[in-house]
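Asks: My structure is stored as target-v1.cif, with mmCIF, C-alpha atoms and all ligand atoms.
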data_entry
#
loop_
_atom_site.label_atom_id
_atom_site.label_comp_id
_atom_site.auth_asym_id
_atom_site.auth_seq_id
_atom_site.Cartn_x
_atom_site.Cartn_y
_atom_site.Cartn_z
CA MET A 189 -8.16 -0.99 40.10
CA SER A 190 -6.04 -1.96 37.11
CA ASN A 191 -2.28 -2.47 37.42
CA ASN A 192 -1.63 -0.93 34.01
CA MET A 193 0.58 2.09 33.85
CA VAL A 194 -0.76 2.89 30.39
CA ALA A 195 -4.06 4.74 30.20
CA ASP A 196 -7.23 2.74 29.50
CA HIS A 197 -7.35 3.56 25.80
CA ALA A 198 -3.73 2.43 25.36
CA ILE A 199 -4.00 -1.09 26.80
CA ARG A 200 -2.91 -3.37 23.95
CA PRO A 201 -2.38 -7.10 23.48
CA VAL A 202 1.13 -8.21 24.47
CA GLU A 203 2.13 -9.81 21.18
CA ASN A 204 4.84 -9.54 18.57
CA ASP A 205 4.29 -8.66 14.93
CA THR A 206 3.46 -11.84 12.94
CA ILE A 207 5.58 -10.92 9.91
CA PHE A 208 8.70 -10.17 11.94
CA THR A 209 8.21 -13.35 14.01
CA ILE A 210 7.96 -15.58 10.91
CA SER A 211 10.85 -13.79 9.28
CA ALA A 212 13.02 -14.45 12.37
CA LYS A 213 12.12 -18.16 12.13
CA ALA A 214 13.14 -18.12 8.45
CA SER A 215 16.52 -16.61 9.39
CA GLU A 216 17.04 -19.42 11.95
CA ALA A 217 16.21 -21.98 9.25
CA VAL A 218 18.75 -20.40 6.89
CA LEU A 219 21.48 -20.79 9.54
CA LYS A 220 20.48 -24.40 10.18
CA TYR A 221 19.77 -25.69 6.66
CA GLY A 222 21.49 -23.18 4.33
CA ALA A 223 19.89 -20.41 2.28
CA GLU A 224 19.49 -22.62 -0.80
CA ASN A 225 17.12 -24.89 1.16
CA VAL A 226 14.84 -22.20 2.56
CA ILE A 227 12.10 -20.22 0.78
CA ASN A 228 11.57 -17.05 2.78
CA SER A 229 8.56 -15.22 1.35
CA SER A 230 7.64 -13.45 4.55
CA MET A 231 8.91 -9.87 4.18
CA GLY A 232 7.38 -7.30 1.83
CA VAL A 233 10.70 -5.93 0.64
CA LEU A 234 12.47 -6.40 -2.65
CA LEU A 235 15.43 -8.78 -2.38
CA GLU A 236 18.02 -9.89 -4.91
CA ASP A 237 17.98 -13.56 -5.94
CA ASN A 238 20.73 -14.22 -3.38
CA GLY A 239 18.68 -12.61 -0.60
CA ASP A 240 20.54 -9.28 -0.51
CA PHE A 241 18.44 -6.20 0.14
CA VAL A 242 17.76 -4.06 -2.95
CA ALA A 243 18.60 -0.39 -2.39
CA PHE A 244 18.82 1.52 -5.68
CA GLU A 245 22.42 2.59 -6.19
CA SER A 246 21.22 5.74 -8.00
CA VAL A 247 19.25 6.83 -4.90
CA TYR A 248 21.91 6.15 -2.32
CA SER A 249 24.96 7.48 -4.19
CA TYR A 250 23.03 10.72 -4.83
CA LEU A 251 21.87 10.99 -1.20
CA LYS A 252 25.35 10.40 0.18
CA ASP A 253 26.82 13.07 -2.11
CA LEU A 254 24.45 15.78 -0.87
CA ASP A 255 25.99 18.51 1.29
CA ASN A 256 25.41 17.66 4.93
CA PRO A 257 22.99 20.55 5.63
CA LYS A 258 20.74 19.33 2.80
CA ILE A 259 20.31 16.14 4.83
CA ALA A 260 20.63 17.44 8.37
CA ALA A 261 18.42 20.55 8.36
CA TYR A 262 14.73 20.53 9.26
CA ALA A 263 12.38 20.29 6.30
CA SER A 264 9.38 22.64 6.26
CA ILE A 265 6.55 21.27 8.41
CA GLU A 266 4.32 20.71 5.36
CA GLY A 267 7.25 19.42 3.27
CA ASP A 268 9.71 21.50 1.23
CA SER A 269 7.86 23.39 -1.49
CA ASP A 270 9.80 21.91 -4.43
CA PHE A 271 9.17 18.42 -3.00
CA LEU A 272 5.44 19.10 -2.83
CA GLN A 273 5.43 20.01 -6.53
CA ALA A 274 7.61 17.01 -7.42
CA VAL A 275 5.54 14.51 -5.45
CA LYS A 276 2.40 15.52 -7.40
CA LYS A 277 4.23 14.58 -10.60
CA ALA A 278 5.61 11.38 -9.04
CA CYS A 279 2.13 10.34 -7.92
CA PHE A 280 0.04 11.18 -11.01
CA LYS A 281 2.68 11.24 -13.77
CA ASN A 282 0.86 11.84 -17.08
CA HIS A 283 -2.58 11.21 -15.55
CA MET A 284 -2.93 14.30 -13.34
CA PRO A 285 -6.67 14.86 -12.79
CA ASN A 286 -8.02 18.23 -13.84
CA ALA A 287 -8.89 19.37 -10.31
CA TYR A 288 -7.50 21.24 -7.30
CA ILE A 289 -4.59 19.21 -6.01
CA GLU A 290 -2.57 19.79 -2.85
CA ALA A 291 0.08 17.70 -1.10
CA VAL A 292 1.55 17.50 2.39
CA ALA A 293 4.70 15.48 3.15
CA THR A 294 4.37 12.56 5.55
CA PRO A 295 6.75 9.90 6.90
CA GLY A 296 5.97 7.24 4.29
CA GLY A 297 2.55 6.13 3.15
CA SER A 298 1.75 5.17 6.76
CA GLY A 299 1.88 8.81 7.80
CA ALA A 300 -0.51 9.68 4.97
CA ILE A 301 -2.96 6.94 5.98
CA HIS A 302 -2.80 8.13 9.58
CA HIS A 303 -3.73 11.69 8.60
CA ALA A 304 -6.57 10.51 6.35
CA ILE A 305 -8.06 8.49 9.21
CA PHE A 306 -7.49 11.14 11.84
CA ASN A 307 -8.61 14.19 9.88
CA TYR A 308 -11.45 12.84 7.76
CA THR A 309 -13.42 10.67 10.20
CA ASN A 310 -14.91 11.23 13.64
CA ILE A 311 -14.00 9.27 16.77
CA GLY A 312 -15.94 5.97 16.76
CA ASP A 313 -16.60 6.05 12.99
CA SER A 314 -16.32 2.94 10.84
CA ILE A 315 -13.86 3.06 7.95
CA LEU A 316 -14.37 0.74 5.00
CA THR A 317 -11.93 -1.45 3.11
CA SER A 318 -11.86 -4.86 1.35
CA SER A 319 -11.92 -8.15 3.28
CA LEU A 320 -8.28 -8.83 2.43
CA TYR A 321 -6.27 -5.84 3.61
CA TRP A 322 -2.96 -4.63 5.00
CA ASP A 323 -3.25 -5.23 8.73
CA PRO A 324 -1.91 -1.83 9.87
CA TYR A 325 -5.12 -0.21 8.54
CA ASN A 326 -6.83 -1.87 11.46
CA THR A 327 -4.03 -0.94 13.88
CA MET A 328 -4.28 2.69 12.80
CA CYS A 329 -8.07 2.69 13.20
CA VAL A 330 -7.81 1.20 16.70
CA GLU A 331 -4.99 3.58 17.63
CA ASN A 332 -7.23 6.51 16.67
CA SER A 333 -10.42 5.12 18.29
CA ARG A 334 -12.01 4.27 14.93
CA LYS A 335 -13.26 0.92 13.62
CA LEU A 336 -12.44 -0.91 10.40
CA ASP A 337 -15.23 -2.68 8.54
CA THR A 338 -14.80 -4.75 5.38
CA TYR A 339 -16.75 -5.96 2.35
CA ASN A 340 -16.14 -9.22 0.51
CA MET A 341 -13.28 -8.45 -1.88
CA PHE A 342 -13.77 -10.76 -4.88
CA ASN A 343 -16.82 -11.87 -6.82
CA GLY A 344 -16.92 -15.29 -8.50
CA ASN A 345 -15.50 -13.92 -11.75
CA GLY A 346 -12.12 -12.84 -10.42
CA GLY A 347 -13.13 -9.18 -10.15
CA LEU A 348 -13.87 -6.77 -7.32
CA ASP A 349 -17.17 -7.53 -5.59
CA ILE A 350 -18.75 -4.17 -6.36
CA ASP A 351 -22.17 -5.23 -5.01
CA ALA A 352 -20.64 -6.14 -1.65
CA PHE A 353 -18.83 -2.79 -1.64
CA LYS A 354 -22.04 -0.89 -2.44
CA GLU A 355 -24.00 -2.58 0.32
CA LYS A 356 -21.49 -1.68 3.05
CA PHE A 357 -20.83 1.76 1.58
CA ASP A 358 -24.53 2.69 1.59
CA TYR A 359 -25.00 1.25 5.05
CA HIS A 360 -22.21 3.27 6.71
CA LEU A 361 -22.89 6.43 4.72
CA ASN A 362 -26.56 6.43 5.74
CA LYS A 363 -25.59 5.88 9.34
CA GLN A 364 -22.60 8.22 9.66
CA LYS A 365 -23.20 10.74 6.86
CA ARG A 366 -19.40 10.69 6.47
CA LEU A 367 -17.41 7.76 5.21
CA LEU A 368 -13.76 7.09 4.49
CA THR A 369 -13.14 4.16 2.15
CA ILE A 370 -9.63 2.83 1.55
CA PHE A 371 -8.68 1.19 -1.74
CA ASN A 372 -5.18 -0.22 -1.95
CA THR A 373 -4.67 -0.33 -5.70
CA PRO A 374 -2.93 -0.99 -8.03
CA ALA A 375 -0.89 -3.98 -6.81
CA HIS A 376 -2.90 -4.62 -3.67
CA ASN A 377 -1.22 -5.99 -0.57
CA PRO A 378 -1.77 -8.95 0.02
CA THR A 379 -3.30 -10.18 -3.29
CA GLY A 380 -1.63 -8.20 -6.07
CA TYR A 381 -5.05 -7.18 -7.42
CA SER A 382 -5.40 -3.93 -9.40
CA ILE A 383 -8.85 -2.40 -9.77
CA SER A 384 -9.67 -2.07 -13.48
CA ASP A 385 -10.75 1.18 -15.14
CA GLU A 386 -14.24 -0.28 -15.70
CA GLU A 387 -14.49 -1.17 -12.00
CA TRP A 388 -13.45 2.37 -11.13
CA ASP A 389 -16.32 3.68 -13.27
CA LYS A 390 -18.75 1.59 -11.23
CA ILE A 391 -17.19 2.69 -7.95
CA ILE A 392 -17.42 6.35 -9.00
CA ASP A 393 -21.10 5.89 -9.90
CA ILE A 394 -21.70 4.59 -6.37
CA LEU A 395 -19.81 7.55 -4.88
CA LYS A 396 -21.90 9.94 -6.99
CA GLN A 397 -25.16 8.35 -5.91
CA GLY A 398 -24.07 8.81 -2.30
CA ALA A 399 -23.08 12.42 -3.00
CA SER A 400 -26.54 13.31 -4.30
CA ASN A 401 -27.51 13.77 -0.65
CA LYS A 402 -25.59 16.98 0.07
CA GLU A 403 -25.42 16.16 3.79
CA ASN A 404 -23.12 13.25 2.99
CA LYS A 405 -19.35 13.58 3.01
CA ILE A 406 -17.55 10.96 0.96
CA ILE A 407 -13.82 10.49 1.26
CA VAL A 408 -11.86 7.91 -0.72
CA LEU A 409 -8.23 7.15 0.10
CA VAL A 410 -6.31 5.45 -2.69
CA ASP A 411 -3.25 3.80 -1.20
CA VAL A 412 -0.76 3.61 -4.08
CA ALA A 413 2.17 2.21 -2.06
CA TYR A 414 3.12 -0.28 -4.80
CA ILE A 415 2.15 1.66 -7.93
CA ASP A 416 5.67 2.13 -9.23
CA PHE A 417 6.21 -1.62 -9.47
CA CYS A 418 3.48 -1.96 -12.08
CA ASP A 419 4.80 -2.40 -15.57
CA GLU A 420 4.27 0.88 -17.52
CA LYS A 421 2.63 -1.03 -20.35
CA PHE A 422 -0.46 -1.63 -18.18
CA ASP A 423 -1.00 2.13 -17.72
CA ARG A 424 -2.17 1.63 -14.14
CA ARG A 425 -2.49 5.38 -13.50
CA ALA A 426 -5.19 5.98 -16.14
CA PHE A 427 -8.00 5.82 -13.53
CA MET A 428 -6.64 8.91 -11.80
CA GLU A 429 -8.06 11.23 -14.47
CA LYS A 430 -11.56 10.00 -13.64
CA PHE A 431 -11.43 12.09 -10.45
CA ALA A 432 -11.88 15.37 -12.37
CA GLY A 433 -15.18 17.22 -12.00
CA LEU A 434 -16.53 15.24 -9.06
CA GLU A 435 -19.19 16.63 -6.70
CA GLU A 436 -17.88 18.95 -3.99
CA ASN A 437 -18.81 16.49 -1.25
CA ILE A 438 -16.53 13.81 -2.71
CA LEU A 439 -12.90 14.15 -1.72
CA ILE A 440 -10.23 11.86 -3.18
CA LEU A 441 -7.00 11.37 -1.23
CA PHE A 442 -3.85 9.56 -2.30
CA ALA A 443 -1.36 7.98 0.10
CA PHE A 444 1.96 8.17 -1.75
CA SER A 445 4.94 6.20 -0.46
CA ALA A 446 8.59 6.35 -1.53
CA SER A 447 9.33 3.16 0.43
CA LYS A 448 9.06 0.62 -2.40
CA GLY A 449 9.16 2.69 -5.59
CA TYR A 450 12.34 4.53 -4.54
CA THR A 451 13.66 1.91 -2.05
CA MET A 452 13.43 4.56 0.69
CA TYR A 453 11.70 2.29 3.26
CA GLY A 454 13.78 3.46 6.21
CA LEU A 455 14.08 7.06 5.08
CA ARG A 456 10.36 7.58 5.80
CA ASN A 457 9.31 9.63 2.79
CA GLY A 458 5.80 10.01 1.40
CA ALA A 459 2.86 12.36 1.07
CA LEU A 460 -0.88 12.70 1.41
CA LEU A 461 -2.42 14.32 -1.67
CA CYS A 462 -5.94 15.54 -2.30
CA VAL A 463 -8.02 15.88 -5.46
CA THR A 464 -11.12 18.05 -5.24
CA SER A 465 -13.33 20.25 -7.40
CA LYS A 466 -13.40 22.99 -4.80
CA GLU A 467 -10.49 25.31 -4.07
CA GLU A 468 -11.43 25.87 -0.41
CA ILE A 469 -11.49 22.11 0.27
CA ALA A 470 -7.94 21.86 -1.07
CA LYS A 471 -6.88 24.78 1.11
CA GLU A 472 -8.54 23.25 4.16
CA PHE A 473 -6.76 19.95 3.38
CA PHE A 474 -3.39 21.69 3.26
CA TYR A 475 -3.67 23.59 6.54
CA THR A 476 -5.33 20.76 8.45
CA ASN A 477 -2.61 18.29 7.49
CA LEU A 478 0.14 20.82 8.08
CA HIS A 479 -1.25 21.20 11.59
CA SER A 480 -1.34 17.40 12.02
CA ASN A 481 2.30 17.17 10.96
CA ARG A 482 3.24 19.66 13.68
CA GLY A 483 1.04 17.81 16.15
CA THR A 484 2.49 14.35 15.47
CA TRP A 485 5.98 13.92 13.97
CA SER A 486 6.73 17.57 13.19
CA ASN A 487 8.43 17.16 9.83
CA GLY A 488 9.77 14.63 7.36
CA THR A 489 13.22 13.60 6.14
CA LYS A 490 14.85 16.48 4.28
CA GLY A 491 17.50 14.49 2.39
CA ALA A 492 14.94 11.98 1.12
CA MET A 493 12.68 14.79 -0.11
CA LYS A 494 15.64 16.33 -1.94
CA VAL A 495 16.55 13.06 -3.69
CA LEU A 496 12.99 12.48 -4.89
CA THR A 497 12.67 16.11 -6.03
CA ASP A 498 15.84 15.92 -8.11
CA ILE A 499 14.91 12.54 -9.61
CA ILE A 500 11.67 14.10 -10.86
CA ASN A 501 13.11 17.46 -11.99
CA ASP A 502 16.66 16.73 -13.15
CA GLU A 503 17.15 14.35 -16.04
CA ASN A 504 20.74 13.59 -15.00
CA VAL A 505 19.51 12.31 -11.67
CA GLY A 506 16.36 10.72 -13.06
CA LYS A 507 17.92 8.68 -15.87
CA PRO A 508 20.06 6.29 -13.77
CA PHE A 509 17.21 6.00 -11.28
CA TYR A 510 14.64 4.95 -13.91
CA GLU A 511 17.14 2.46 -15.31
CA ASP A 512 17.62 0.97 -11.84
CA ARG A 513 13.91 0.73 -11.24
CA GLU A 514 13.06 -0.68 -14.64
CA HIS A 515 15.50 -3.53 -14.02
CA TYR A 516 13.70 -4.52 -10.82
CA VAL A 517 10.19 -4.04 -12.24
CA LYS A 518 11.14 -6.63 -14.87
CA LEU A 519 12.72 -8.94 -12.29
CA LEU A 520 9.58 -8.83 -10.17
CA ARG A 521 7.30 -9.47 -13.15
CA LYS A 522 9.38 -12.48 -14.14
CA ARG A 523 9.13 -13.98 -10.65
CA ALA A 524 5.37 -13.39 -10.50
CA ASP A 525 4.84 -14.84 -13.99
CA VAL A 526 6.77 -17.97 -13.06
CA PHE A 527 4.82 -18.36 -9.82
CA LEU A 528 1.51 -17.94 -11.68
CA GLU A 529 2.49 -20.35 -14.42
CA LYS A 530 3.66 -23.06 -12.01
CA SER A 531 0.58 -22.57 -9.83
CA SER A 532 -1.66 -23.20 -12.78
CA GLU A 533 0.40 -26.26 -13.74
CA VAL A 534 0.00 -27.86 -10.31
CA GLY A 535 -3.56 -26.59 -9.79
CA LEU A 536 -2.77 -24.20 -6.94
CA GLU A 537 -5.58 -21.66 -6.71
CA LEU A 538 -4.62 -17.99 -6.27
CA TYR A 539 -6.56 -14.82 -5.61
CA PRO A 540 -6.56 -12.76 -8.83
CA TYR A 541 -3.06 -11.31 -9.22
CA LYS A 542 -2.33 -8.38 -11.55
CA ASP A 543 0.81 -6.59 -10.29
CA GLY A 544 3.16 -6.09 -7.42
CA PHE A 545 5.04 -7.62 -4.53
CA PHE A 546 2.60 -10.33 -3.35
CA VAL A 547 0.51 -13.25 -4.47
CA CYS A 548 -2.07 -14.73 -2.16
CA ILE A 549 -3.33 -18.27 -1.88
CA PRO A 550 -6.87 -18.85 -0.60
CA CYS A 551 -6.84 -21.35 2.22
CA LYS A 552 -9.20 -22.69 4.87
CA ASN A 553 -6.70 -23.06 7.70
CA PRO A 554 -3.99 -20.47 7.14
CA LEU A 555 -2.37 -20.89 10.56
CA GLU A 556 -2.11 -24.64 10.23
CA ALA A 557 -0.86 -24.34 6.65
CA CYS A 558 1.73 -21.77 7.70
CA GLU A 559 3.04 -24.04 10.50
CA LYS A 560 3.24 -27.04 8.16
CA LEU A 561 4.97 -25.00 5.46
CA MET A 562 7.56 -23.82 7.99
CA LYS A 563 8.39 -27.45 8.71
CA ASN A 564 9.08 -27.75 4.97
CA ASN A 565 11.23 -24.61 5.09
CA VAL A 566 8.72 -22.44 3.25
CA PHE A 567 7.88 -19.23 5.10
CA ALA A 568 4.68 -17.36 4.14
CA ILE A 569 2.31 -15.12 6.08
CA PRO A 570 -1.05 -16.44 7.33
CA LEU A 571 -4.02 -14.12 6.78
CA GLN A 572 -7.66 -14.63 7.69
CA THR A 573 -8.53 -16.45 4.49
CA GLY A 574 -5.22 -17.08 2.81
CA LEU A 575 -1.45 -17.24 2.76
CA ARG A 576 0.60 -14.31 1.49
CA PHE A 577 3.63 -15.20 -0.57
CA ALA A 578 6.05 -12.30 -1.21
CA VAL A 579 7.42 -12.85 -4.72
CA CYS A 580 9.42 -9.66 -4.19
CA ALA A 581 11.66 -11.52 -1.75
CA VAL A 582 12.07 -14.88 -3.53
CA SER A 583 14.29 -15.77 -6.51
CA GLU A 584 12.79 -16.94 -9.80
CA ASP A 585 14.21 -20.44 -9.19
CA LYS A 586 12.41 -20.70 -5.89
CA CYS A 587 9.20 -19.17 -7.32
CA MET A 588 9.31 -22.08 -9.74
CA VAL A 589 9.25 -24.77 -7.05
CA ALA A 590 7.20 -23.08 -4.33
CA PRO A 591 3.69 -23.63 -5.82
CA LYS A 592 4.10 -27.42 -5.82
CA LYS A 593 5.34 -27.45 -2.22
CA ILE A 594 2.45 -25.23 -1.13
CA LYS A 595 -0.09 -27.31 -3.03
CA GLU A 596 1.13 -30.47 -1.27
CA VAL A 597 0.94 -28.91 2.17
CA LEU A 598 -2.53 -27.48 1.54
CA ALA A 599 -3.74 -30.90 0.43
CA GLU A 600 -2.60 -32.30 3.80
CA CYS A 601 -4.32 -29.48 5.72
CA ASP A 602 -7.63 -29.62 3.89
CA GLU A 603 -7.95 -33.37 4.46
C1 LIG B 701 -0.61 -1.58 1.57
C2 LIG B 701 0.44 -0.70 2.11
N1 LIG B 701 0.17 0.59 2.26
C3 LIG B 701 1.06 1.45 2.74
C4 LIG B 701 2.31 1.02 3.12
C5 LIG B 701 3.16 2.10 3.67
O1 LIG B 701 4.47 1.93 3.78
P1 LIG B 701 5.41 3.09 4.26
O2 LIG B 701 4.83 3.70 5.47
O3 LIG B 701 6.71 2.41 4.50
O4 LIG B 701 5.49 4.06 3.13
C6 LIG B 701 2.66 -0.33 2.99
C7 LIG B 701 3.96 -0.85 3.42
O5 LIG B 701 4.21 -2.00 3.58
C8 LIG B 701 1.69 -1.21 2.47
O6 LIG B 701 1.93 -2.52 2.33
#
If you convert what's in this file into structure tokens, what do you get?
Ligand SMILES: Cc1ncc(COP(=O)(O)O)c(C=O)c1O
Replies:
Amino acid sequence: MSNNMVADHAIRPVENDTIFTISAKASEAVLKYGAENVINSSMGVLLEDNGDFVAFESVYSYLKDLDNPKIAAYASIEGDSDFLQAVKKACFKNHMPNAYIEAVATPGGSGAIHHAIFNYTNIGDSILTSSLYWDPYNTMCVENSRKLDTYNMFNGNGGLDIDAFKEKFDYHLNKQKRLLTIFNTPAHNPTGYSISDEEWDKIIDILKQGASNKENKIIVLVDVAYIDFCDEKFDRRAFMEKFAGLEENILILFAFSASKGYTMYGLRNGALLCVTSKEEIAKEFFYTNLHSNRGTWSNGTKGAMKVLTDIINDENVGKPFYEDREHYVKLLRKRADVFLEKSSEVGLELYPYKDGFFVCIPCKNPLEACEKLMKNNVFAIPLQTGLRFAVCAVSEDKCMVAPKKIKEVLAECDE
């Protein structure tokens, strides 16, 4: 008989979160050696050059000025109705697909991913994503008695390995007749890759081939957690319009998060949205996810919904917010550009970066490299096949020197 008090399905490894562990070591190093001598690229949050946390002044002054009941009261279970309209605009902006679209509020993007997994796959199903992925996808699959399977992410030309995707997609769809695929794009965590419009065309062709068998149910979740840190000039929402007029057995979901784009990490604000050609599927989506909200966390954070709604609908609230955000989008781009430029100068190979909070360095022995880097006061996150470096958390000056330090350590490890 087992000594566990938790039920069999809830027995988990006794281990701490890697990111928080490495981040704690970085904080110790700062105390010992001084902040100027430590490069802490462990946490996926936006920090000022001096290490201060970035919380948009426009968001927090507006939130704190709300009447208390507008913060304290319960929100509707599905999310307040004006928020649900606003979040559609915030997600799609000027690329709203011509389709039936519904939204349900969730606590951050994580809540949305949870509902997609729970409501659109069966117990024991495999869910598909790329070989480099945000680890909580796996945690959420395990938590819900599902499995995560992956396809090789990049081909030799610095693009998405569409053939590898197709092979795994066809395999699971044939077997399960229902498949949820997660794409974290644009600004993928951990690589910063953004799927191009041409790659989306190929992906959609594969989805359509699968949908020609009417028994199949194809669900795609696009996790857009970092979308608002893409520079507008790249038009990274254009692909969204491609989801108009799809077969009725293809359902597109979006996991929207206000954590990064609105610096609302701790306020837990987000939504799951659906795009479908069939009205009843949109209705089913709405009531199923409303039910899941009641059956999990009940409802979301009213004050955070109100702030996002007013940013979208009221120019006086929106203007200072967009100014705030634009400043940090530029700051992030500058840091990433410097890191890319210096990497190419010293010959440090990177996975293809396009936008966002992270760059990722391919590496044979990530754990060893991470340990050695820590001894040199550089703190990055080891992944299965690489090291994640959070440019969002590191000043431009430090982004300038980090590639050389990393290159030197990797040379030692690969020997
Ligand atoms: C890839 C990815 N998706 C989704 C999220 C969801 O974040 P949240 O639940 O805070 O909105 C994160 C946060 O780090 C992320 O990195």
Asks: Could you list, as a ChimeraX atom specification, all the residues within 6 Å of ligand LIG 701 (chain B), counting all atoms listed in the file?
Replies: /A:296-298,322,372,377,411,413,445,447,453
Asks: Mind checking which residues fall within 12 Å of Phe241 of chain A, counting only C-alpha atoms, ignoring those fewer than 3 positions away in the same chain, and posting them as a PyMOL selection string?
Replies: chain A and resi 231-238+244-245+448+451-453+580-582
Asks: Would you tabulate, counting only C-alpha atoms, all residues of segment 361-480 of chain A that have an atom at most 9 Å from an atom of segment 251-269 of chain A, showing the closest pair of atoms and their distance in Å to one decimal, sorted by chain then ascending number, as a Markdown table?
Replies:
| residue | atom | partner | partner_atom | distance |
| --- | --- | --- | --- | --- |
| A:Ala459 | CA | A:Gly267 | CA | 8.6 |
| A:Phe474 | CA | A:Glu266 | CA | 8.1 |
| A:Tyr475 | CA | A:Glu266 | CA | 8.6 |
| A:Asn477 | CA | A:Glu266 | CA | 7.6 |
| A:Leu478 | CA | A:Glu266 | CA | 5.0 |
| A:His479 | CA | A:Glu266 | CA | 8.4 |
Asks: For a quick check of understanding, using only C-alpha atoms, which of A:Gly299, A:Leu368, A:Ser215, A:Asp270 has the smallest distance to Trp485 of chain A?
Replies: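 When distances to Trp485 of chain A are compared using only C-alpha atoms, the smallest one comes from A:Gly299.
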Asks: So what do you get for atom CA of Ala375 of chain A versus atom CA of Asp416 of chain A, distance-wise?
Replies: 9.3 Å
Asks: Contacts between segment 286-292 of chain A and segment 486-582 of chain A, please, where a residue of segment 486-582 of chain A counts if it comes within 12 Å (with all atoms listed in the file); show its shortest atom pair and distance in Å to one decimal, rows by chain and ascending number, as a Markdown table.
Replies:
| residue | atom | partner | partner_atom | distance |
| --- | --- | --- | --- | --- |
| A:Ser486 | CA | A:Val292 | CA | 12.0 |
| A:Asn487 | CA | A:Val292 | CA | 10.1 |
| A:Gly488 | CA | A:Val292 | CA | 10.0 |
| A:Met493 | CA | A:Val292 | CA | 11.7 |
Asks: Give me the residues near Phe442 of chain A as a PyMOL selection string, where near means some atom within 9 Å (using only C-alpha atoms) and where sequence neighbours in that chain fewer than 5 positions away do not count.
Replies: chain A and resi 279+300-301+408-412+459-463
Asks: Within 7 Å of (3.9, -4.2, -9.1) in the file's own coordinates, which protein, DNA or RNA residues have an atom, counting only C-alpha atoms? List them as a ChimeraX atom specification.
Replies: /A:375,414-419,543-545
Asks: From the options A:Asp196, A:Pro508, A:Tyr325, A:Tyr541, which residue's atoms come nearest to Leu348 of chain A, counting all atoms listed in the file?
Replies: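 Distance minimum relative to Leu348 of chain A lands on A:Tyr541.
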Asks: Just give me the gap between atom CA of Ile406 of chain A and atom CA of Ala352 of chain A in Å, one decimal is fine.
Replies: 17.6 Å
Asks: Point out the residue among A:Cys548, A:Leu455, A:Ile440, A:Leu320 with the least atom-to-atom distance to Leu536 of chain A, counting only C-alpha atoms.
Replies: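 The answer is A:Cys548, which sits nearest to Leu536 of chain A.
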Asks: Counting all atoms listed in the file, which residue out of A:Asn553, A:Ser384, A:Asn307, A:Asn228 sits closest to Ala578 of chain A?
Replies: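 Nearest candidate to Ala578 of chain A out of A:Asn553, A:Ser384, A:Asn307, A:Asn228: A:Asn228.
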Asks: Of the residues A:Val242, A:Val547, A:Lys494, A:Asn345, which is the one nearest to Ser230 of chain A, using only C-alpha atoms?
Replies: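 Using only C-alpha atoms, Ser230 of chain A sits closest to A:Val547.
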Asks: Report as CSV: every residue of segment 339-399 of chain A with an atom at most 7 Å from segment 423-434 of chain A, its closest pair of atoms, and their distance in Å to one decimal, counting all atoms listed in the file, with rows sorted by chain and ascending residue number.
Replies:
residue,atom,partner,partner_atom,distance
A:Pro374,CA,A:Arg424,CA,6.7
A:Asp385,CA,A:Phe427,CA,5.6
A:Trp388,CA,A:Phe427,CA,6.9
Asks: Can you tell me how far atom CA of Val534 of chain A sits from atom CA of Leu598 of chain A, in Å to one decimal?
Replies: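 We find that atom CA of Val534 of chain A and atom CA of Leu598 of chain A lie 12.1 Å from each other.
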Asks: Return the single residue from A:Ser229, A:Ser480, A:Thr294, A:Asn326 that is closest to Ala443 of chain A, with distances computed using only C-alpha atoms.
Replies: A:Thr294
Asks: Please provide as a PyMOL selection string all residues within 12 Å of segment 557-562 of chain A, with the sequence filter that same-chain residues fewer than 5 positions apart are discarded (counting all atoms listed in the file).
Replies: chain A and resi 206-207+210-218+225-230+549-552+567-577+590-603
Asks: Find the residues with any atom within 9 Å of (-20.3, 1.8, -8.4); use only C-alpha atoms and the coordinates as given in the file, and write the answer as a list in words.
Replies: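 Residues close enough to count: Ile350, Asp351, Phe353, Lys354, Glu387, Trp388, Asp389, Lys390, Ile391, Ile392, Asp393, Ile394, Leu395, Lys396 and Gln397 of chain A.
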Asks: Just segment 299-303 of chain A, please, as an mmCIF file, in the first residue's frame (only N, CA, C and O atoms).
Replies:
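Listed below is the output, out.cif:
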data_model
loop_
_atom_site.group_PDB
_atom_site.id
_atom_site.type_symbol
_atom_site.label_atom_id
_atom_site.label_comp_id
_atom_site.auth_asym_id
_atom_site.auth_seq_id
_atom_site.Cartn_x
_atom_site.Cartn_y
_atom_site.Cartn_z
ATOM 1 N N GLY A 299 -5.196 29.831 -18.454
ATOM 2 C CA GLY A 299 -6.573 29.361 -18.295
ATOM 3 C C GLY A 299 -7.162 28.954 -19.639
ATOM 4 O O GLY A 299 -7.881 27.952 -19.751
ATOM 5 N N ALA A 300 -6.841 29.742 -20.671
ATOM 6 C CA ALA A 300 -7.357 29.458 -22.013
ATOM 7 C C ALA A 300 -6.783 28.138 -22.527
ATOM 8 O O ALA A 300 -7.503 27.308 -23.118
ATOM 9 N N ILE A 301 -5.491 27.923 -22.305
ATOM 10 C CA ILE A 301 -4.850 26.686 -22.775
ATOM 11 C C ILE A 301 -5.466 25.486 -22.032
ATOM 12 O O ILE A 301 -5.755 24.445 -22.613
ATOM 13 N N HIS A 302 -5.674 25.672 -20.746
ATOM 14 C CA HIS A 302 -6.314 24.605 -19.961
ATOM 15 C C HIS A 302 -7.644 24.203 -20.574
ATOM 16 O O HIS A 302 -7.928 23.020 -20.800
ATOM 17 N N HIS A 303 -8.497 25.181 -20.865
ATOM 18 C CA HIS A 303 -9.838 24.870 -21.387
ATOM 19 C C HIS A 303 -9.748 24.196 -22.754
ATOM 20 O O HIS A 303 -10.537 23.306 -23.067
#
